[in-house]
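Each remark here refers to the structure printed beneath this line.
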Amino acid sequence: MRKECYLPMELVDVEPARMKKITDEQRALMCRHSTMHPSVYIKSINEIRKNPQKQCFEEDPFVAAWNMNVSTDMLTLPARVLPMPEIVYTDQYHVTSGAVRDVGTWQMKPTRFRTPAKFPAVWGMINLSSLDQHACEDFYNELSRIAVERGMECCPPVIYEEYDSTNSRADGIIRVLNQFLQRNNGCNFFVVILPVKTTKQ
């Protein structure tokens, strides 16, 4: 439309929009702002529809030009909640609706992997927190117990390094961590326990 001249839509060619590809951060931000609860979405639509300053379809020249009428009543469609399907992990382990506590939440404990991965035979634990070695051993025992439930064998760590970095800067922690990795270059898998909070940035 130019200079308030209307053209039949049969004579108008619509070219595809040329949009620049957005980044993952921009896509996440767009989804966060565009996604809202249905009740909030309905309330916002009703507020816009009832406020003539925001939107008044009766006075819209485009709506009148096409002889259209926008209803003020929102469309309501009947719906139902589908039953949960049966999930088959292995021949011995099935998840049914009777075994689920909350609707929409699937409990996988204790689930054994069909083909468990092999845990590294040689691995190390680097403790950069204020925890003592006994607390780290308790962590390994819990890790080993969960691994057995999943059908995996978790052997004890061959290497254990300890360094209290609670008062260290971030670059200092990285430097100490690199020293540990270089000193034990024969190990390709490490579990690093970081401090809860550093006093310096």
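Naming works like this for the structure tokens: A, B, ... for the chains as they're shown, residue 1 at the start of each chain, ligands 1 onward in shown order.
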### Task
Would you kindly return, as a ChimeraX atom specification, each protein, DNA or RNA residue with an atom no farther than 10 Å from any atom of stretch 117-132 of chain A, considering only C-alpha atoms and excluding same-chain residues fewer than 2 positions away?
/A:113-115,134-137,140,147,150-167,173,176-177,180-181,184,186-198
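Here atom CA of A:Ile42 stands at a distance of 14.5 Å from atom CA of A:Ser71.
Inside stretch 2-151 of chain A, the residues DSSP reads as strand (DSSP E or B) when given the backbone are Arg2, Cys5, Ile87, Val88, His94, Val95, Gly124, Met125, Ile126 and Asn127 of chain A.
Nearest to A:Pro61 of all the residues A:Val40, A:Arg32, A:Val81, A:Glu4 is A:Glu4, counting only C-alpha atoms.
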DSSP-assigned alpha helix (DSSP H) members of chain A, reported as a PDB file with N, CA and C atoms, in the first residue's frame:
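Full text of out_19.pdb as output:
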```
ATOM      1  N   ASP A  24      22.726 -18.680  19.794  1.00  0.00           N
ATOM      2  CA  ASP A  24      22.025 -19.502  20.781  1.00  0.00           C
ATOM      3  C   ASP A  24      21.565 -18.664  21.968  1.00  0.00           C
ATOM      4  N   GLU A  25      22.376 -17.680  22.372  1.00  0.00           N
ATOM      5  CA  GLU A  25      21.974 -16.817  23.484  1.00  0.00           C
ATOM      6  C   GLU A  25      20.762 -15.975  23.116  1.00  0.00           C
ATOM      7  N   GLN A  26      20.734 -15.451  21.887  1.00  0.00           N
ATOM      8  CA  GLN A  26      19.583 -14.665  21.445  1.00  0.00           C
ATOM      9  C   GLN A  26      18.332 -15.526  21.333  1.00  0.00           C
ATOM     10  N   ARG A  27      18.497 -16.767  20.884  1.00  0.00           N
ATOM     11  CA  ARG A  27      17.347 -17.665  20.783  1.00  0.00           C
ATOM     12  C   ARG A  27      16.794 -17.999  22.167  1.00  0.00           C
ATOM     13  N   ALA A  28      17.692 -18.231  23.129  1.00  0.00           N
ATOM     14  CA  ALA A  28      17.244 -18.520  24.493  1.00  0.00           C
ATOM     15  C   ALA A  28      16.537 -17.318  25.103  1.00  0.00           C
ATOM     16  N   LEU A  29      17.062 -16.108  24.836  1.00  0.00           N
ATOM     17  CA  LEU A  29      16.424 -14.900  25.355  1.00  0.00           C
ATOM     18  C   LEU A  29      15.050 -14.695  24.733  1.00  0.00           C
ATOM     19  N   MET A  30      14.927 -14.972  23.438  1.00  0.00           N
ATOM     20  CA  MET A  30      13.643 -14.825  22.766  1.00  0.00           C
ATOM     21  C   MET A  30      12.621 -15.818  23.311  1.00  0.00           C
ATOM     22  N   CYS A  31      13.043 -17.054  23.534  1.00  0.00           N
ATOM     23  CA  CYS A  31      12.125 -18.061  24.076  1.00  0.00           C
ATOM     24  C   CYS A  31      11.707 -17.719  25.500  1.00  0.00           C
ATOM     25  N   ARG A  32      12.630 -17.154  26.275  1.00  0.00           N
ATOM     26  CA  ARG A  32      12.308 -16.819  27.662  1.00  0.00           C
ATOM     27  C   ARG A  32      11.277 -15.703  27.740  1.00  0.00           C
ATOM     28  N   HIS A  33      11.353 -14.744  26.812  1.00  0.00           N
ATOM     29  CA  HIS A  33      10.413 -13.630  26.830  1.00  0.00           C
ATOM     30  C   HIS A  33       9.100 -13.975  26.127  1.00  0.00           C
ATOM     31  N   SER A  34       9.132 -14.895  25.182  1.00  0.00           N
ATOM     32  CA  SER A  34       7.918 -15.223  24.433  1.00  0.00           C
ATOM     33  C   SER A  34       7.107 -16.336  25.080  1.00  0.00           C
ATOM     34  N   PRO A  38      -0.298 -20.159  30.140  1.00  0.00           N
ATOM     35  CA  PRO A  38      -1.533 -19.874  29.395  1.00  0.00           C
ATOM     36  C   PRO A  38      -2.447 -18.876  30.084  1.00  0.00           C
ATOM     37  N   SER A  39      -2.569 -18.951  31.405  1.00  0.00           N
ATOM     38  CA  SER A  39      -3.447 -18.006  32.107  1.00  0.00           C
ATOM     39  C   SER A  39      -2.938 -16.576  31.980  1.00  0.00           C
ATOM     40  N   VAL A  40      -1.618 -16.402  32.038  1.00  0.00           N
ATOM     41  CA  VAL A  40      -1.043 -15.065  31.868  1.00  0.00           C
ATOM     42  C   VAL A  40      -1.232 -14.580  30.439  1.00  0.00           C
ATOM     43  N   TYR A  41      -1.109 -15.496  29.480  1.00  0.00           N
ATOM     44  CA  TYR A  41      -1.289 -15.135  28.075  1.00  0.00           C
ATOM     45  C   TYR A  41      -2.727 -14.698  27.802  1.00  0.00           C
ATOM     46  N   ILE A  42      -3.697 -15.421  28.372  1.00  0.00           N
ATOM     47  CA  ILE A  42      -5.104 -15.061  28.196  1.00  0.00           C
ATOM     48  C   ILE A  42      -5.395 -13.697  28.813  1.00  0.00           C
ATOM     49  N   LYS A  43      -4.837 -13.459  29.999  1.00  0.00           N
ATOM     50  CA  LYS A  43      -5.067 -12.180  30.669  1.00  0.00           C
ATOM     51  C   LYS A  43      -4.508 -11.025  29.857  1.00  0.00           C
ATOM     52  N   SER A  44      -3.332 -11.205  29.271  1.00  0.00           N
ATOM     53  CA  SER A  44      -2.740 -10.129  28.475  1.00  0.00           C
ATOM     54  C   SER A  44      -3.552  -9.854  27.216  1.00  0.00           C
ATOM     55  N   ILE A  45      -4.088 -10.903  26.594  1.00  0.00           N
ATOM     56  CA  ILE A  45      -4.914 -10.708  25.394  1.00  0.00           C
ATOM     57  C   ILE A  45      -6.198  -9.961  25.741  1.00  0.00           C
ATOM     58  N   ASN A  46      -6.829 -10.334  26.846  1.00  0.00           N
ATOM     59  CA  ASN A  46      -8.065  -9.661  27.252  1.00  0.00           C
ATOM     60  C   ASN A  46      -7.823  -8.194  27.580  1.00  0.00           C
ATOM     61  N   GLU A  47      -6.687  -7.909  28.215  1.00  0.00           N
ATOM     62  CA  GLU A  47      -6.387  -6.516  28.538  1.00  0.00           C
ATOM     63  C   GLU A  47      -6.177  -5.689  27.274  1.00  0.00           C
ATOM     64  N   ILE A  48      -5.502  -6.263  26.294  1.00  0.00           N
ATOM     65  CA  ILE A  48      -5.299  -5.545  25.033  1.00  0.00           C
ATOM     66  C   ILE A  48      -6.617  -5.360  24.297  1.00  0.00           C
ATOM     67  N   ARG A  49      -7.458  -6.383  24.335  1.00  0.00           N
ATOM     68  CA  ARG A  49      -8.727  -6.312  23.595  1.00  0.00           C
ATOM     69  C   ARG A  49      -9.686  -5.309  24.220  1.00  0.00           C
ATOM     70  N   LYS A  50      -9.644  -5.143  25.539  1.00  0.00           N
ATOM     71  CA  LYS A  50     -10.570  -4.240  26.211  1.00  0.00           C
ATOM     72  C   LYS A  50     -10.077  -2.797  26.242  1.00  0.00           C
ATOM     73  N   PRO A  61      -8.234   0.248   9.790  1.00  0.00           N
ATOM     74  CA  PRO A  61      -8.599   0.374   8.367  1.00  0.00           C
ATOM     75  C   PRO A  61      -8.326  -0.896   7.571  1.00  0.00           C
ATOM     76  N   PHE A  62      -7.323  -1.656   7.949  1.00  0.00           N
ATOM     77  CA  PHE A  62      -7.023  -2.889   7.225  1.00  0.00           C
ATOM     78  C   PHE A  62      -8.115  -3.933   7.450  1.00  0.00           C
ATOM     79  N   VAL A  63      -8.602  -4.030   8.683  1.00  0.00           N
ATOM     80  CA  VAL A  63      -9.689  -4.974   8.972  1.00  0.00           C
ATOM     81  C   VAL A  63     -10.951  -4.572   8.231  1.00  0.00           C
ATOM     82  N   ALA A  64     -11.232  -3.268   8.199  1.00  0.00           N
ATOM     83  CA  ALA A  64     -12.427  -2.797   7.498  1.00  0.00           C
ATOM     84  C   ALA A  64     -12.298  -2.969   5.991  1.00  0.00           C
ATOM     85  N   ALA A  65     -11.084  -2.806   5.455  1.00  0.00           N
ATOM     86  CA  ALA A  65     -10.896  -2.929   4.009  1.00  0.00           C
ATOM     87  C   ALA A  65     -11.166  -4.343   3.528  1.00  0.00           C
ATOM     88  N   GLN A 133      40.324 -35.790  53.233  1.00  0.00           N
ATOM     89  CA  GLN A 133      40.368 -36.995  52.412  1.00  0.00           C
ATOM     90  C   GLN A 133      39.254 -37.967  52.780  1.00  0.00           C
ATOM     91  N   HIS A 134      38.853 -37.981  54.041  1.00  0.00           N
ATOM     92  CA  HIS A 134      37.780 -38.880  54.458  1.00  0.00           C
ATOM     93  C   HIS A 134      36.462 -38.517  53.764  1.00  0.00           C
ATOM     94  N   ALA A 135      36.179 -37.216  53.629  1.00  0.00           N
ATOM     95  CA  ALA A 135      34.958 -36.790  52.939  1.00  0.00           C
ATOM     96  C   ALA A 135      35.007 -37.160  51.464  1.00  0.00           C
ATOM     97  N   CYS A 136      36.193 -37.077  50.865  1.00  0.00           N
ATOM     98  CA  CYS A 136      36.331 -37.474  49.460  1.00  0.00           C
ATOM     99  C   CYS A 136      36.138 -38.978  49.295  1.00  0.00           C
ATOM    100  N   GLU A 137      36.579 -39.749  50.279  1.00  0.00           N
ATOM    101  CA  GLU A 137      36.355 -41.193  50.225  1.00  0.00           C
ATOM    102  C   GLU A 137      34.865 -41.520  50.324  1.00  0.00           C
ATOM    103  N   ASP A 138      34.147 -40.765  51.141  1.00  0.00           N
ATOM    104  CA  ASP A 138      32.696 -40.956  51.216  1.00  0.00           C
ATOM    105  C   ASP A 138      32.036 -40.630  49.877  1.00  0.00           C
ATOM    106  N   PHE A 139      32.562 -39.603  49.198  1.00  0.00           N
ATOM    107  CA  PHE A 139      32.029 -39.264  47.877  1.00  0.00           C
ATOM    108  C   PHE A 139      32.254 -40.412  46.893  1.00  0.00           C
ATOM    109  N   TYR A 140      33.461 -41.010  46.939  1.00  0.00           N
ATOM    110  CA  TYR A 140      33.726 -42.128  46.038  1.00  0.00           C
ATOM    111  C   TYR A 140      32.823 -43.317  46.358  1.00  0.00           C
ATOM    112  N   ASN A 141      32.606 -43.598  47.635  1.00  0.00           N
ATOM    113  CA  ASN A 141      31.749 -44.727  48.004  1.00  0.00           C
ATOM    114  C   ASN A 141      30.332 -44.538  47.468  1.00  0.00           C
ATOM    115  N   GLU A 142      29.827 -43.307  47.534  1.00  0.00           N
ATOM    116  CA  GLU A 142      28.491 -43.041  46.996  1.00  0.00           C
ATOM    117  C   GLU A 142      28.492 -43.156  45.476  1.00  0.00           C
ATOM    118  N   LEU A 143      29.558 -42.651  44.840  1.00  0.00           N
ATOM    119  CA  LEU A 143      29.675 -42.771  43.387  1.00  0.00           C
ATOM    120  C   LEU A 143      29.746 -44.230  42.961  1.00  0.00           C
ATOM    121  N   SER A 144      30.493 -45.034  43.700  1.00  0.00           N
ATOM    122  CA  SER A 144      30.618 -46.450  43.376  1.00  0.00           C
ATOM    123  C   SER A 144      29.284 -47.173  43.552  1.00  0.00           C
ATOM    124  N   ARG A 145      28.536 -46.808  44.593  1.00  0.00           N
ATOM    125  CA  ARG A 145      27.245 -47.456  44.832  1.00  0.00           C
ATOM    126  C   ARG A 145      26.265 -47.166  43.697  1.00  0.00           C
ATOM    127  N   ILE A 146      26.213 -45.905  43.260  1.00  0.00           N
ATOM    128  CA  ILE A 146      25.308 -45.544  42.165  1.00  0.00           C
ATOM    129  C   ILE A 146      25.743 -46.217  40.867  1.00  0.00           C
ATOM    130  N   ALA A 147      27.062 -46.317  40.649  1.00  0.00           N
ATOM    131  CA  ALA A 147      27.554 -46.971  39.436  1.00  0.00           C
ATOM    132  C   ALA A 147      27.153 -48.437  39.400  1.00  0.00           C
ATOM    133  N   VAL A 148      27.213 -49.110  40.546  1.00  0.00           N
ATOM    134  CA  VAL A 148      26.815 -50.523  40.596  1.00  0.00           C
ATOM    135  C   VAL A 148      25.333 -50.668  40.284  1.00  0.00           C
ATOM    136  N   GLU A 149      24.509 -49.730  40.771  1.00  0.00           N
ATOM    137  CA  GLU A 149      23.078 -49.780  40.461  1.00  0.00           C
ATOM    138  C   GLU A 149      22.822 -49.631  38.969  1.00  0.00           C
ATOM    139  N   ALA A 170      40.998 -17.187  40.816  1.00  0.00           N
ATOM    140  CA  ALA A 170      40.604 -18.142  39.778  1.00  0.00           C
ATOM    141  C   ALA A 170      41.795 -18.561  38.931  1.00  0.00           C
ATOM    142  N   ASP A 171      42.678 -17.601  38.575  1.00  0.00           N
ATOM    143  CA  ASP A 171      43.840 -17.964  37.764  1.00  0.00           C
ATOM    144  C   ASP A 171      44.810 -18.845  38.545  1.00  0.00           C
ATOM    145  N   GLY A 172      44.872 -18.649  39.882  1.00  0.00           N
ATOM    146  CA  GLY A 172      45.724 -19.508  40.696  1.00  0.00           C
ATOM    147  C   GLY A 172      45.207 -20.936  40.747  1.00  0.00           C
ATOM    148  N   ILE A 173      43.887 -21.089  40.810  1.00  0.00           N
ATOM    149  CA  ILE A 173      43.304 -22.433  40.814  1.00  0.00           C
ATOM    150  C   ILE A 173      43.591 -23.139  39.490  1.00  0.00           C
ATOM    151  N   ILE A 174      43.472 -22.401  38.391  1.00  0.00           N
ATOM    152  CA  ILE A 174      43.744 -22.998  37.078  1.00  0.00           C
ATOM    153  C   ILE A 174      45.212 -23.403  36.966  1.00  0.00           C
ATOM    154  N   ARG A 175      46.109 -22.584  37.504  1.00  0.00           N
ATOM    155  CA  ARG A 175      47.538 -22.910  37.444  1.00  0.00           C
ATOM    156  C   ARG A 175      47.852 -24.169  38.247  1.00  0.00           C
ATOM    157  N   VAL A 176      47.291 -24.275  39.449  1.00  0.00           N
ATOM    158  CA  VAL A 176      47.513 -25.467  40.274  1.00  0.00           C
ATOM    159  C   VAL A 176      46.919 -26.700  39.609  1.00  0.00           C
ATOM    160  N   LEU A 177      45.754 -26.543  39.005  1.00  0.00           N
ATOM    161  CA  LEU A 177      45.115 -27.670  38.334  1.00  0.00           C
ATOM    162  C   LEU A 177      45.949 -28.150  37.154  1.00  0.00           C
ATOM    163  N   ASN A 178      46.519 -27.223  36.394  1.00  0.00           N
ATOM    164  CA  ASN A 178      47.379 -27.616  35.272  1.00  0.00           C
ATOM    165  C   ASN A 178      48.633 -28.334  35.758  1.00  0.00           C
ATOM    166  N   GLN A 179      49.162 -27.926  36.902  1.00  0.00           N
ATOM    167  CA  GLN A 179      50.339 -28.608  37.451  1.00  0.00           C
ATOM    168  C   GLN A 179      50.020 -30.053  37.820  1.00  0.00           C
ATOM    169  N   PHE A 180      48.853 -30.269  38.418  1.00  0.00           N
ATOM    170  CA  PHE A 180      48.453 -31.631  38.760  1.00  0.00           C
ATOM    171  C   PHE A 180      48.280 -32.484  37.509  1.00  0.00           C
ATOM    172  N   LEU A 181      47.689 -31.903  36.466  1.00  0.00           N
ATOM    173  CA  LEU A 181      47.462 -32.662  35.233  1.00  0.00           C
ATOM    174  C   LEU A 181      48.775 -33.007  34.547  1.00  0.00           C
ATOM    175  N   GLN A 182      49.734 -32.076  34.548  1.00  0.00           N
ATOM    176  CA  GLN A 182      51.025 -32.347  33.921  1.00  0.00           C
ATOM    177  C   GLN A 182      51.823 -33.377  34.710  1.00  0.00           C
ATOM    178  N   ARG A 183      51.696 -33.357  36.030  1.00  0.00           N
ATOM    179  CA  ARG A 183      52.433 -34.310  36.854  1.00  0.00           C
ATOM    180  C   ARG A 183      51.879 -35.728  36.715  1.00  0.00           C
TER     181      ARG A 183
END
```
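Across the model, the gap from atom CA of A:Val95 to atom CA of A:Leu82 is 16.0 Å.
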